[in-house]
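The file my_file.txt contains compact mmCIF, C-alpha atoms and all ligand atoms:
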```
# COMPACT_ATOMS: atom_id res chain seq x y z
CA MET P 1 0.00 0.00 0.00
CA PHE P 2 1.35 3.45 -0.92
CA TYR P 3 0.15 6.63 0.86
CA GLU P 4 0.77 10.34 0.33
CA THR P 5 1.84 10.82 3.93
CA GLU P 6 0.40 13.97 5.50
CA ILE P 7 1.79 15.76 8.58
CA GLY P 8 -0.54 17.97 10.61
CA GLY P 9 -1.10 19.22 14.16
CA ARG P 10 -4.29 19.57 16.16
CA GLU P 11 -6.31 20.45 13.06
CA LYS P 12 -5.76 16.85 11.90
CA LEU P 13 -7.04 15.30 15.12
CA GLY P 14 -10.45 14.49 13.66
CA ALA P 15 -8.89 12.90 10.59
CA ALA P 16 -6.51 10.84 12.72
CA VAL P 17 -9.34 9.55 14.92
CA LYS P 18 -11.41 8.68 11.87
CA ILE P 19 -8.56 6.64 10.38
CA ILE P 20 -8.22 4.62 13.62
CA ASN P 21 -11.98 4.11 13.89
CA THR P 22 -12.12 2.77 10.34
CA GLY P 23 -9.32 0.24 10.72
CA GLY P 24 -6.33 2.29 9.52
CA ILE P 25 -3.05 3.29 11.16
CA VAL P 26 -1.69 6.70 12.20
CA ALA P 27 1.47 8.03 13.87
CA PHE P 28 0.75 10.09 16.98
CA PRO P 29 2.78 11.91 19.64
CA THR P 30 3.50 10.66 23.14
CA GLU P 31 5.81 12.24 25.71
CA THR P 32 8.40 9.47 25.16
CA VAL P 33 8.59 8.88 21.39
CA TYR P 34 6.03 8.87 18.55
CA GLY P 35 3.82 5.79 18.32
CA LEU P 36 2.35 4.07 15.26
CA GLY P 37 -1.20 3.28 16.31
CA GLY P 38 -4.08 1.08 15.22
CA ASN P 39 -7.26 -0.28 16.85
CA ALA P 40 -5.98 -2.91 19.32
CA LEU P 41 -9.24 -4.86 19.00
CA ASP P 42 -8.96 -5.18 15.21
CA GLU P 43 -6.51 -7.81 14.04
CA SER P 44 -6.28 -6.46 10.51
CA ALA P 45 -5.35 -2.97 11.79
CA VAL P 46 -2.67 -4.55 13.95
CA ARG P 47 -1.29 -6.43 10.96
CA LYS P 48 -0.98 -3.12 9.08
CA ILE P 49 1.34 -1.86 11.83
CA TYR P 50 3.61 -4.91 11.48
CA GLU P 51 3.73 -4.35 7.74
CA ALA P 52 4.44 -0.61 7.84
CA LYS P 53 7.28 -1.10 10.33
CA ASN P 54 8.56 -4.34 8.84
CA ARG P 55 8.43 -5.64 12.41
CA PRO P 56 9.10 -9.31 13.27
CA ALA P 57 5.79 -10.96 14.25
CA ASP P 58 7.14 -12.23 17.58
CA ASN P 59 7.61 -8.80 19.18
CA PRO P 60 4.49 -7.63 21.08
CA PHE P 61 2.93 -4.14 20.90
CA THR P 62 1.89 -2.16 23.91
CA VAL P 63 -1.70 -0.97 24.20
CA HIS P 64 -2.29 2.73 24.80
CA LEU P 65 -5.24 3.93 26.85
CA TYR P 66 -6.61 7.33 27.71
CA ASP P 67 -7.82 6.27 31.10
CA PHE P 68 -7.01 3.61 33.66
CA GLY P 69 -10.70 2.62 33.75
CA GLN P 70 -10.30 1.03 30.29
CA ALA P 71 -7.60 -1.34 31.55
CA ARG P 72 -10.00 -3.80 33.21
CA ASP P 73 -11.60 -4.68 29.88
CA ILE P 74 -8.33 -5.90 28.43
CA ALA P 75 -6.20 -7.12 31.37
CA CYS P 76 -6.36 -8.61 34.86
CA VAL P 77 -5.55 -5.52 36.90
CA THR P 78 -3.83 -6.30 40.19
CA ARG P 79 -3.60 -4.06 43.25
CA ASP P 80 0.11 -3.48 42.52
CA ALA P 81 -0.79 -2.39 38.98
CA GLU P 82 -3.31 0.09 40.37
CA ARG P 83 -0.67 1.58 42.62
CA LEU P 84 1.84 1.94 39.78
CA PHE P 85 -0.72 3.54 37.47
CA GLU P 86 -1.85 5.90 40.23
CA LYS P 87 1.66 7.05 40.98
CA PHE P 88 3.29 7.22 37.53
CA THR P 89 0.59 7.73 34.93
CA PRO P 90 -0.33 9.48 32.80
CA GLY P 91 3.40 9.14 32.13
CA PRO P 92 6.28 7.10 30.74
CA LEU P 93 5.53 3.67 32.23
CA THR P 94 4.25 0.45 30.58
CA VAL P 95 2.86 -2.26 32.87
CA VAL P 96 2.70 -5.85 31.62
CA LEU P 97 -0.30 -7.81 32.98
CA GLU P 98 -2.15 -11.01 32.22
CA LYS P 99 -4.35 -10.25 29.20
CA LYS P 100 -8.05 -10.83 28.64
CA SER P 101 -9.40 -12.45 25.48
CA LEU P 102 -10.65 -9.16 24.00
CA ILE P 103 -7.08 -8.42 22.90
CA PRO P 104 -6.21 -10.45 19.79
CA ASP P 105 -3.07 -12.59 19.83
CA ALA P 106 -1.62 -10.49 17.01
CA VAL P 107 -1.16 -7.58 19.47
CA THR P 108 0.80 -9.60 22.01
CA ALA P 109 2.61 -11.91 19.59
CA GLY P 110 0.73 -14.83 21.11
CA LEU P 111 1.79 -14.05 24.70
CA PRO P 112 -0.72 -14.45 27.54
CA THR P 113 0.24 -10.95 28.74
CA VAL P 114 -0.30 -7.40 27.49
CA GLY P 115 1.68 -4.19 28.07
CA ILE P 116 -0.49 -1.19 29.01
CA ARG P 117 0.53 2.43 28.79
CA ILE P 118 -1.30 5.71 29.57
CA PRO P 119 0.74 8.51 28.00
CA SER P 120 0.74 12.13 29.17
CA HIS P 121 1.29 14.10 25.96
CA PRO P 122 -1.70 16.51 25.68
CA LEU P 123 -2.42 16.00 21.96
CA GLY P 124 -1.68 12.27 22.28
CA ARG P 125 -4.22 12.12 25.10
CA GLU P 126 -6.88 13.99 23.13
CA PHE P 127 -6.30 11.54 20.30
CA LEU P 128 -6.69 8.49 22.58
CA LYS P 129 -9.76 9.96 24.26
CA GLU P 130 -11.53 10.60 20.97
CA CYS P 131 -10.55 7.22 19.49
CA ASP P 132 -12.38 5.78 22.52
CA LEU P 133 -10.78 2.36 22.07
CA PRO P 134 -7.46 0.79 23.06
CA VAL P 135 -4.74 1.74 20.58
CA ALA P 136 -1.93 -0.75 19.90
CA ALA P 137 1.26 1.16 19.16
CA PRO P 138 4.94 0.42 18.88
CA SER P 139 7.39 3.27 18.31
CA ALA P 140 6.85 4.82 14.85
CA ASN P 141 10.23 3.89 13.36
CA MET P 142 11.14 1.17 10.88
CA SER P 143 12.03 -1.96 12.85
CA GLY P 144 15.59 -1.74 14.17
CA ARG P 145 15.92 2.02 13.67
CA ILE P 146 16.14 4.82 16.22
CA SER P 147 12.80 5.70 17.82
CA PRO P 148 11.44 9.03 16.45
CA THR P 149 11.14 12.04 18.76
CA SER P 150 9.54 14.41 16.23
CA ALA P 151 7.03 14.24 13.39
CA GLU P 152 9.86 14.90 10.90
CA PHE P 153 11.77 11.85 12.15
CA VAL P 154 8.64 9.73 11.78
CA TYR P 155 8.37 11.02 8.21
CA GLU P 156 11.97 9.95 7.44
CA ASP P 157 11.04 6.33 8.18
CA MET P 158 7.32 6.18 7.35
CA LYS P 159 6.96 8.36 4.24
CA GLY P 160 4.64 6.58 1.81
CA ARG P 161 3.89 3.81 4.33
CA ILE P 162 1.18 5.51 6.44
CA PRO P 163 -1.50 8.12 5.62
CA LEU P 164 -1.01 10.62 8.48
CA ILE P 165 1.40 11.81 11.16
CA LEU P 166 -0.25 13.75 13.96
CA ASP P 167 2.36 16.37 14.88
CA GLY P 168 2.67 17.18 18.58
CA GLY P 169 6.15 18.74 18.47
CA GLU P 170 9.29 17.33 20.05
CA CYS P 171 8.93 14.60 22.66
CA GLU P 172 9.70 15.76 26.20
CA VAL P 173 11.07 12.48 27.56
CA GLY P 174 12.92 11.35 24.43
CA ILE P 175 13.40 7.62 25.15
CA GLU P 176 10.70 4.95 25.40
CA SER P 177 8.76 4.17 28.56
CA THR P 178 9.97 1.97 31.39
CA VAL P 179 8.46 -1.51 30.87
CA ILE P 180 7.68 -3.42 34.08
CA SER P 181 6.08 -6.85 34.20
CA LEU P 182 3.75 -7.75 37.05
CA ALA P 183 3.03 -11.08 35.39
CA SER P 184 6.32 -12.64 36.51
CA ASN P 185 7.17 -13.97 40.00
CA VAL P 186 8.74 -10.69 41.07
CA PRO P 187 7.97 -7.31 39.48
CA THR P 188 10.64 -7.11 36.77
CA ILE P 189 11.75 -4.10 34.74
CA PHE P 190 12.26 -5.40 31.20
CA ARG P 191 13.20 -2.05 29.73
CA PRO P 192 14.64 0.76 31.90
CA GLY P 193 13.36 4.29 31.33
CA THR P 194 12.99 7.62 33.07
CA VAL P 195 10.71 6.06 35.69
CA THR P 196 13.63 4.46 37.50
CA LEU P 197 14.05 1.28 39.54
CA GLU P 198 14.56 3.44 42.65
CA GLN P 199 11.23 5.21 42.10
CA ILE P 200 9.40 1.94 41.48
CA ARG P 201 10.92 0.39 44.61
CA GLU P 202 9.25 3.09 46.70
CA ILE P 203 6.01 1.33 45.81
CA LEU P 204 7.18 -2.21 45.09
CA PRO P 205 10.36 -2.75 47.17
CA GLU P 206 10.89 -6.22 45.68
CA ALA P 207 11.12 -4.94 42.07
CA VAL P 208 14.24 -5.97 40.10
CA LEU P 209 15.90 -5.04 36.83
CA PHE P 210 15.85 -7.79 34.22
CA THR P 211 19.20 -9.45 33.70
CA GLN P 212 19.68 -11.92 30.92
CA SER P 213 20.21 -15.55 31.87
CA ALA P 214 19.90 -18.97 30.27
CA GLU P 215 16.31 -19.37 31.51
CA ASN P 216 14.91 -16.00 30.59
CA SER P 217 16.92 -14.97 27.54
CA ARG P 218 13.87 -15.22 25.33
CA PHE P 219 11.76 -12.44 26.80
CA PRO P 220 10.14 -10.45 23.97
CA GLY P 221 12.03 -7.65 22.31
CA PHE P 222 15.20 -8.28 24.29
CA GLY P 223 18.51 -8.64 22.52
CA ARG P 224 17.09 -7.58 19.18
CA ARG P 225 18.91 -5.30 16.78
CA HIS P 226 17.52 -1.91 17.79
CA TYR P 227 18.30 1.84 17.83
CA VAL P 228 20.92 1.38 15.10
CA PRO P 229 22.04 4.53 13.20
CA LYS P 230 22.84 4.38 9.49
CA ILE P 231 26.54 4.97 10.22
CA PRO P 232 28.86 2.93 12.50
CA CYS P 233 28.70 3.79 16.16
CA ALA P 234 30.79 2.83 19.20
CA VAL P 235 30.58 3.47 22.93
CA PHE P 236 33.85 4.48 24.59
CA SER P 237 34.98 4.63 28.20
CA GLY P 238 38.56 5.90 27.90
CA VAL P 239 39.57 9.23 26.37
CA SER P 240 42.81 7.90 24.86
CA ALA P 241 40.96 4.99 23.19
CA VAL P 242 38.50 7.32 21.51
CA ASP P 243 41.17 9.82 20.48
CA LYS P 244 43.06 7.03 18.72
CA ALA P 245 39.99 5.60 16.99
CA TYR P 246 38.81 9.08 16.00
CA ASP P 247 42.16 10.00 14.45
CA GLU P 248 42.33 6.72 12.51
CA GLU P 249 38.87 7.40 11.09
CA LEU P 250 39.96 10.91 10.13
CA PHE P 251 43.14 9.67 8.37
CA ALA P 252 41.03 7.12 6.50
CA GLY P 253 39.08 10.04 5.03
CA GLY P 254 36.12 9.88 7.41
CA ASN P 255 34.34 12.63 9.32
CA PRO P 256 33.81 11.28 12.85
CA VAL P 257 32.04 12.92 15.79
CA ILE P 258 32.21 12.47 19.56
CA LEU P 259 29.06 12.65 21.70
CA ALA P 260 29.65 13.32 25.39
CA LYS P 261 28.21 14.95 28.48
CA ASN P 262 28.50 18.73 28.21
CA SER P 263 30.97 18.90 31.08
CA ASP P 264 33.34 16.45 29.35
CA LEU P 265 33.49 18.18 25.96
CA PRO P 266 36.74 20.06 26.74
CA LEU P 267 38.51 16.68 27.00
CA PHE P 268 38.28 16.25 23.23
CA GLY P 269 40.07 19.43 22.14
CA GLY P 270 39.44 20.51 18.55
CA ARG P 271 37.73 17.28 17.43
CA ASN P 272 34.10 17.28 16.20
CA LYS P 273 31.95 16.99 19.29
CA ILE P 274 28.36 17.44 20.42
CA GLY P 275 27.05 17.78 23.98
CA LEU P 276 24.39 15.24 24.96
CA GLY P 277 23.31 17.42 27.90
CA ASP P 278 24.28 17.96 31.51
CA ALA P 279 22.57 15.00 33.19
CA GLY P 280 20.08 12.12 32.94
CA LYS P 281 16.75 13.64 31.94
CA GLU P 282 18.25 16.13 29.51
CA ILE P 283 20.47 13.47 27.90
CA ALA P 284 17.44 11.17 27.49
CA ARG P 285 15.53 14.00 25.81
CA ASN P 286 18.36 14.71 23.35
CA VAL P 287 19.96 11.39 22.54
CA PHE P 288 17.74 9.97 19.75
CA ARG P 289 17.48 13.37 18.03
CA ILE P 290 21.26 13.79 18.08
CA LEU P 291 21.83 10.26 16.70
CA ARG P 292 19.40 10.91 13.83
CA GLU P 293 21.05 14.28 13.09
CA CYS P 294 24.59 12.83 13.21
CA GLU P 295 23.88 10.08 10.71
CA LYS P 296 23.16 12.78 8.10
CA THR P 297 26.45 14.65 8.62
CA TYR P 298 29.16 12.35 9.92
CA SER P 299 30.79 9.03 9.00
CA ARG P 300 31.13 7.49 12.46
CA ILE P 301 29.83 8.20 15.96
CA TYR P 302 31.70 7.73 19.25
CA ILE P 303 29.52 7.99 22.36
CA GLU P 304 30.77 8.42 25.88
CA LYS P 305 29.81 5.69 28.33
CA LEU P 306 27.43 7.08 30.95
CA SER P 307 26.41 5.88 34.41
CA ALA P 308 24.76 2.44 34.53
CA GLU P 309 22.08 3.74 36.89
CA GLY P 310 18.94 5.85 36.78
CA GLU P 311 18.10 7.79 33.62
CA GLU P 312 21.65 7.55 32.28
CA GLY P 313 21.43 3.77 32.66
CA ALA P 314 18.25 3.83 30.60
CA VAL P 315 20.05 5.80 27.88
CA MET P 316 22.95 3.30 27.95
CA ASN P 317 20.47 0.45 27.51
CA ARG P 318 19.59 2.01 24.11
CA LEU P 319 23.16 2.97 23.18
CA TYR P 320 24.51 -0.57 23.60
CA GLY P 321 21.94 -1.42 20.93
CA SER P 322 23.08 1.48 18.71
CA CYS P 323 26.72 0.39 18.81
CA GLU P 324 25.89 -3.31 18.36
CA GLY P 325 28.40 -4.31 21.02
CA GLU P 326 31.25 -2.07 19.80
CA VAL P 327 32.83 -0.71 23.00
CA LEU P 328 36.23 1.04 23.08
CA LYS P 329 38.10 0.81 26.37
O1 LIG P 401 7.32 4.77 25.23
C1 LIG P 401 6.90 3.75 24.67
O2 LIG P 401 6.69 2.69 25.29
C2 LIG P 401 6.64 3.83 23.17
C3 LIG P 401 5.50 4.82 22.92
C4 LIG P 401 5.07 4.85 21.49
O3 LIG P 401 4.43 4.53 23.77
N1 LIG P 401 6.33 2.54 22.64
C5 LIG P 401 7.26 1.58 22.43
O4 LIG P 401 6.76 0.42 21.86
O5 LIG P 401 8.43 1.73 22.71
P1 LIG P 401 7.70 -0.71 21.25
O6 LIG P 401 6.76 -1.69 20.63
O7 LIG P 401 8.72 -0.13 20.36
O8 LIG P 401 8.33 -1.38 22.50
C6 LIG P 401 7.50 -2.05 23.43
C7 LIG P 401 8.31 -3.09 24.14
C8 LIG P 401 8.46 -4.38 23.34
O9 LIG P 401 9.57 -4.39 22.50
C9 LIG P 401 8.63 -5.40 24.44
O10 LIG P 401 9.98 -5.42 24.83
C10 LIG P 401 7.82 -4.81 25.59
O11 LIG P 401 7.59 -3.47 25.31
N2 LIG P 401 6.51 -5.49 25.70
C11 LIG P 401 5.32 -5.16 25.18
N3 LIG P 401 4.37 -6.05 25.51
C12 LIG P 401 4.99 -6.98 26.27
C13 LIG P 401 4.57 -8.18 26.92
N4 LIG P 401 3.33 -8.60 26.85
N5 LIG P 401 5.50 -8.89 27.59
C14 LIG P 401 6.77 -8.45 27.67
N6 LIG P 401 7.22 -7.33 27.09
C15 LIG P 401 6.36 -6.61 26.40
MG MG P 402 10.52 0.40 19.41
```
Could you spell out this file's structure in structure tokens?
Ligand code: TXA
Ligand code: MG
Amino acid sequence: MFYETEIGGREKLGAAVKIINTGGIVAFPTETVYGLGGNALDESAVRKIYEAKNRPADNPFTVHLYDFGQARDIACVTRDAERLFEKFTPGPLTVVLEKKSLIPDAVTAGLPTVGIRIPSHPLGREFLKECDLPVAAPSANMSGRISPTSAEFVYEDMKGRIPLILDGGECEVGIESTVISLASNVPTIFRPGTVTLEQIREILPEAVLFTQSAENSRFPGFGRRHYVPKIPCAVFSGVSAVDKAYDEELFAGGNPVILAKNSDLPLFGGRNKIGLGDAGKEIARNVFRILRECEKTYSRIYIEKLSAEGEEGAVMNRLYGSCEGEVLK
């Protein structure tokens, strides 16, 4: 299917809602990244999302709701889930719960569980409210690419593949929501985000961060090729290692760039460099935009290793994907 992809703001809200209500798909803004939405109760709409993204059929979509009240129709809502939704939503958290049969298997890739998210972006919320049905939505990038934080970035990936992008400006949070499962033995964070483990532990002290092991290595979406720029990318921890690699790239005729915390930029002298921000939240907001900008200008990206904890840890979770294991020490 080929579409003349339109981009429009609030004036396109009615058109966007109509597309969803008639079985089509639309990109819409959330505070984390843009989503590519379709009616979660309509299997053929869900299949259109897989097709537009070229997404493997074994990776589940999260379901977006306007209001917590809608959750009981589609999932078994536990007391712990209620407490998480009360505290953190509307906002950047996805809670995985046992699903009810109303949600087709195509949404959850056959899993008995469903991820539920109630975003806070004002136009995104208006959209979900007027759709008045659960909206299945992965991030609005081609599978494997960097999640889009603006309507223009959605357009780069989705031009011709979807009819409409609802433009809500730049995403405030900038990386995808924290995903926590309450369907496992202990509450487990599958994907770290700006709602941190520490914050979640204030409500669920037993919560843990997922670590890969022989038994659980097959949890959905984990270990996939993801967040990969169009140019090679490496994470570095030592300044001398990156200086050496940078200079080799330069002598080979390349045009490399170093991405680092603002306070560390002076370490890299006259080399090409871009500040990711001062700390966690700001770095999360900037990182995907900077990666998408760099791939248009430079030949190779070197990114400074950040803290493994909190928001910086959530950013690193994405960047290890971007560099596909390439770490300079
Ligand atoms: O911030 C976000 O969560 C964005 C915006 C658009 O809401 N959405 C997003 O969706 O990042 P997506 O499909 O790119 O990533 C959702 C991830 C899946 O890759 C998977 O790891 C996890 O959430 N997930 C979803 N449903 C799950 C389930 N039933 N069990 C385990 N993990 C699940
Ligand atoms: Mg994604």
Determine, for each residue of chain P having at least one atom at most 7 Å from an atom of ligand LIG 401 (chain P), the closest pair of atoms and their separation in Å to one decimal, counting all atoms listed in the file; order by chain and ascending number, as CSV.
```
residue,atom,partner,partner_atom,distance
P:Thr30,CA,P:LIG401,C3,6.2
P:Thr32,CA,P:LIG401,O1,4.8
P:Val33,CA,P:LIG401,C3,5.3
P:Tyr34,CA,P:LIG401,C4,5.1
P:Gly35,CA,P:LIG401,C4,3.5
P:Leu36,CA,P:LIG401,C4,6.8
P:Asn59,CA,P:LIG401,O9,5.9
P:Pro60,CA,P:LIG401,N3,4.7
P:Phe61,CA,P:LIG401,O6,4.6
P:Thr62,CA,P:LIG401,C11,4.7
P:Pro92,CA,P:LIG401,O1,6.1
P:Thr94,CA,P:LIG401,O2,6.2
P:Val96,CA,P:LIG401,N4,5.5
P:Thr108,CA,P:LIG401,N4,5.6
P:Leu111,CA,P:LIG401,N4,6.1
P:Thr113,CA,P:LIG401,N4,4.3
P:Val114,CA,P:LIG401,N4,3.9
P:Gly115,CA,P:LIG401,N3,4.2
P:Arg117,CA,P:LIG401,O3,6.7
P:Pro119,CA,P:LIG401,O3,6.9
P:Ala137,CA,P:LIG401,C4,5.8
P:Pro138,CA,P:LIG401,O6,3.3
P:Ser139,CA,P:LIG401,O7,4.2
P:Ala140,CA,P:LIG401,C4,6.9
P:Ile175,CA,P:LIG401,O1,6.7
P:Glu176,CA,P:LIG401,O1,3.4
P:Ser177,CA,P:LIG401,O1,3.7
P:Thr178,CA,P:LIG401,O2,7.0
P:Val179,CA,P:LIG401,O11,6.0
P:Ser181,CA,P:LIG401,C14,6.8
P:Phe190,CA,P:LIG401,O10,6.8
P:Arg191,CA,P:LIG401,O10,6.8
P:Phe219,CA,P:LIG401,C14,6.4
P:Pro220,CA,P:LIG401,O10,5.1
P:Gly221,CA,P:LIG401,O10,3.9
P:Phe222,CA,P:LIG401,O10,6.0
```
What's the 6 Å shell around stretch 232-243 of chain P, counting only C-alpha atoms, without same-chain residues fewer than 4 positions away, as a short mmCIF file (atom, residue, chain, number, x, y, z; two decimals) with C-alpha atoms, in the coordinates of the input?
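out_2.cif was written with the following content:
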```
data_model
loop_
_atom_site.label_atom_id
_atom_site.label_comp_id
_atom_site.auth_asym_id
_atom_site.auth_seq_id
_atom_site.Cartn_x
_atom_site.Cartn_y
_atom_site.Cartn_z
CA ARG P 300 31.13 7.49 12.46
CA ILE P 301 29.83 8.20 15.96
CA TYR P 302 31.70 7.73 19.25
CA ILE P 303 29.52 7.99 22.36
CA GLU P 304 30.77 8.42 25.88
CA LYS P 305 29.81 5.69 28.33
CA CYS P 323 26.72 0.39 18.81
CA GLU P 326 31.25 -2.07 19.80
CA VAL P 327 32.83 -0.71 23.00
CA LEU P 328 36.23 1.04 23.08
CA LYS P 329 38.10 0.81 26.37
#
```
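Residues in contact with P:Leu41 at 9 Å, where only C-alpha atoms are counted and same-chain residues fewer than 2 positions away are skipped, are listed as Gly38, Asn39, Glu43, Ala45, Val46, Leu102, Ile103, Pro104, Val107, Leu133, Pro134, Val135 and Ala136 of chain P.
If you look at atom CA of P:Asn317 and atom CA of P:Glu293, they are 20.0 Å away from each other.
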Discussion item. Within 9 Å of (5.7, -7.6, 38.4) in the file's own coordinates, which protein, DNA or RNA residues have an atom, counting only C-alpha atoms? List them as a count of residues only.
Written reply: 18
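Nearest-residue note for P:Pro229: choosing from P:Cys294, P:Val287, P:Leu267, P:Ile165, the minimum distance belongs to P:Cys294, counting all atoms listed in the file.
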Item to complete: Point out the residue among P:Ile7, P:Met158, P:Val63, P:Ala308 with the least atom-to-atom distance to P:Glu51, counting only C-alpha atoms.
Response: P:Met158
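Closest approach to ligand MG 402 (chain P) among P:Gly124, P:Gly270, P:Pro148, P:Gly69 is made by P:Pro148 (distances from only C-alpha atoms and all ligand atoms).
Nearest to ligand MG 402 (chain P) of all the residues P:Ile200, P:Leu84, P:Val228, P:Cys131 is P:Val228, counting only C-alpha atoms and all ligand atoms.
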Worksheet item: Taking all atoms listed in the file into account, which of P:Thr5, P:Ser307, P:Asn286, P:Thr78 comes nearest P:Glu98?
Response: P:Thr78
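Reported to one decimal place, the separation of atom CA of P:Ile116 from atom CA of P:Tyr66 is 10.6 Å.
Look at P:Ser150: the protein and nucleic acid residues within 7 Å of it, using only C-alpha atoms and passing over chain neighbours fewer than 6 places away, are Tyr34, Gly169, Glu170 and Cys171 of chain P.
In terms of minimum interatomic distance to ligand MG 402 (chain P), P:Ser143 ranks closest within P:Ser143, P:Gly14, P:Val195, P:Glu152, counting all atoms listed in the file.
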Take stretch 93-111 of chain P, bring it up to N, CA and C atoms, and give me the output as a PDB file, keeping the file's coordinate frame.
```
ATOM      1  N   LEU P  93       5.426   5.006  31.654  1.00  0.00           N
ATOM      2  CA  LEU P  93       5.530   3.670  32.230  1.00  0.00           C
ATOM      3  C   LEU P  93       4.588   2.723  31.487  1.00  0.00           C
ATOM      4  N   THR P  94       5.079   1.512  31.166  1.00  0.00           N
ATOM      5  CA  THR P  94       4.250   0.450  30.580  1.00  0.00           C
ATOM      6  C   THR P  94       4.209  -0.694  31.582  1.00  0.00           C
ATOM      7  N   VAL P  95       3.010  -1.164  31.905  1.00  0.00           N
ATOM      8  CA  VAL P  95       2.860  -2.260  32.870  1.00  0.00           C
ATOM      9  C   VAL P  95       2.352  -3.497  32.141  1.00  0.00           C
ATOM     10  N   VAL P  96       3.086  -4.602  32.270  1.00  0.00           N
ATOM     11  CA  VAL P  96       2.700  -5.850  31.620  1.00  0.00           C
ATOM     12  C   VAL P  96       1.864  -6.683  32.599  1.00  0.00           C
ATOM     13  N   LEU P  97       0.648  -7.053  32.159  1.00  0.00           N
ATOM     14  CA  LEU P  97      -0.300  -7.810  32.980  1.00  0.00           C
ATOM     15  C   LEU P  97      -0.845  -8.985  32.188  1.00  0.00           C
ATOM     16  N   GLU P  98      -1.466  -9.906  32.900  1.00  0.00           N
ATOM     17  CA  GLU P  98      -2.150 -11.010  32.220  1.00  0.00           C
ATOM     18  C   GLU P  98      -3.266 -10.439  31.352  1.00  0.00           C
ATOM     19  N   LYS P  99      -3.378 -10.883  30.103  1.00  0.00           N
ATOM     20  CA  LYS P  99      -4.350 -10.250  29.200  1.00  0.00           C
ATOM     21  C   LYS P  99      -5.701 -10.954  29.231  1.00  0.00           C
ATOM     22  N   LYS P 100      -6.734 -10.222  28.836  1.00  0.00           N
ATOM     23  CA  LYS P 100      -8.050 -10.830  28.640  1.00  0.00           C
ATOM     24  C   LYS P 100      -8.249 -11.124  27.156  1.00  0.00           C
ATOM     25  N   SER P 101      -9.285 -11.926  26.850  1.00  0.00           N
ATOM     26  CA  SER P 101      -9.400 -12.450  25.480  1.00  0.00           C
ATOM     27  C   SER P 101      -9.812 -11.393  24.452  1.00  0.00           C
ATOM     28  N   LEU P 102     -10.277 -10.237  24.927  1.00  0.00           N
ATOM     29  CA  LEU P 102     -10.650  -9.160  24.000  1.00  0.00           C
ATOM     30  C   LEU P 102      -9.483  -8.723  23.113  1.00  0.00           C
ATOM     31  N   ILE P 103      -8.274  -8.820  23.656  1.00  0.00           N
ATOM     32  CA  ILE P 103      -7.080  -8.420  22.900  1.00  0.00           C
ATOM     33  C   ILE P 103      -6.632  -9.580  22.004  1.00  0.00           C
ATOM     34  N   PRO P 104      -6.622  -9.351  20.680  1.00  0.00           N
ATOM     35  CA  PRO P 104      -6.210 -10.450  19.790  1.00  0.00           C
ATOM     36  C   PRO P 104      -4.745 -10.835  19.979  1.00  0.00           C
ATOM     37  N   ASP P 105      -4.443 -12.102  19.685  1.00  0.00           N
ATOM     38  CA  ASP P 105      -3.070 -12.590  19.830  1.00  0.00           C
ATOM     39  C   ASP P 105      -2.073 -11.803  18.989  1.00  0.00           C
ATOM     40  N   ALA P 106      -2.540 -11.236  17.877  1.00  0.00           N
ATOM     41  CA  ALA P 106      -1.620 -10.490  17.010  1.00  0.00           C
ATOM     42  C   ALA P 106      -0.986  -9.308  17.745  1.00  0.00           C
ATOM     43  N   VAL P 107      -1.696  -8.729  18.716  1.00  0.00           N
ATOM     44  CA  VAL P 107      -1.160  -7.580  19.470  1.00  0.00           C
ATOM     45  C   VAL P 107      -0.008  -8.021  20.353  1.00  0.00           C
ATOM     46  N   THR P 108      -0.164  -9.178  20.984  1.00  0.00           N
ATOM     47  CA  THR P 108       0.800  -9.600  22.010  1.00  0.00           C
ATOM     48  C   THR P 108       1.750 -10.676  21.494  1.00  0.00           C
ATOM     49  N   ALA P 109       1.763 -10.885  20.195  1.00  0.00           N
ATOM     50  CA  ALA P 109       2.610 -11.910  19.590  1.00  0.00           C
ATOM     51  C   ALA P 109       2.368 -13.268  20.237  1.00  0.00           C
ATOM     52  N   GLY P 110       1.102 -13.529  20.562  1.00  0.00           N
ATOM     53  CA  GLY P 110       0.730 -14.830  21.110  1.00  0.00           C
ATOM     54  C   GLY P 110       0.970 -14.974  22.606  1.00  0.00           C
ATOM     55  N   LEU P 111       1.524 -13.965  23.259  1.00  0.00           N
ATOM     56  CA  LEU P 111       1.790 -14.050  24.700  1.00  0.00           C
ATOM     57  C   LEU P 111       0.492 -13.966  25.489  1.00  0.00           C
TER      58      LEU P 111
END
```
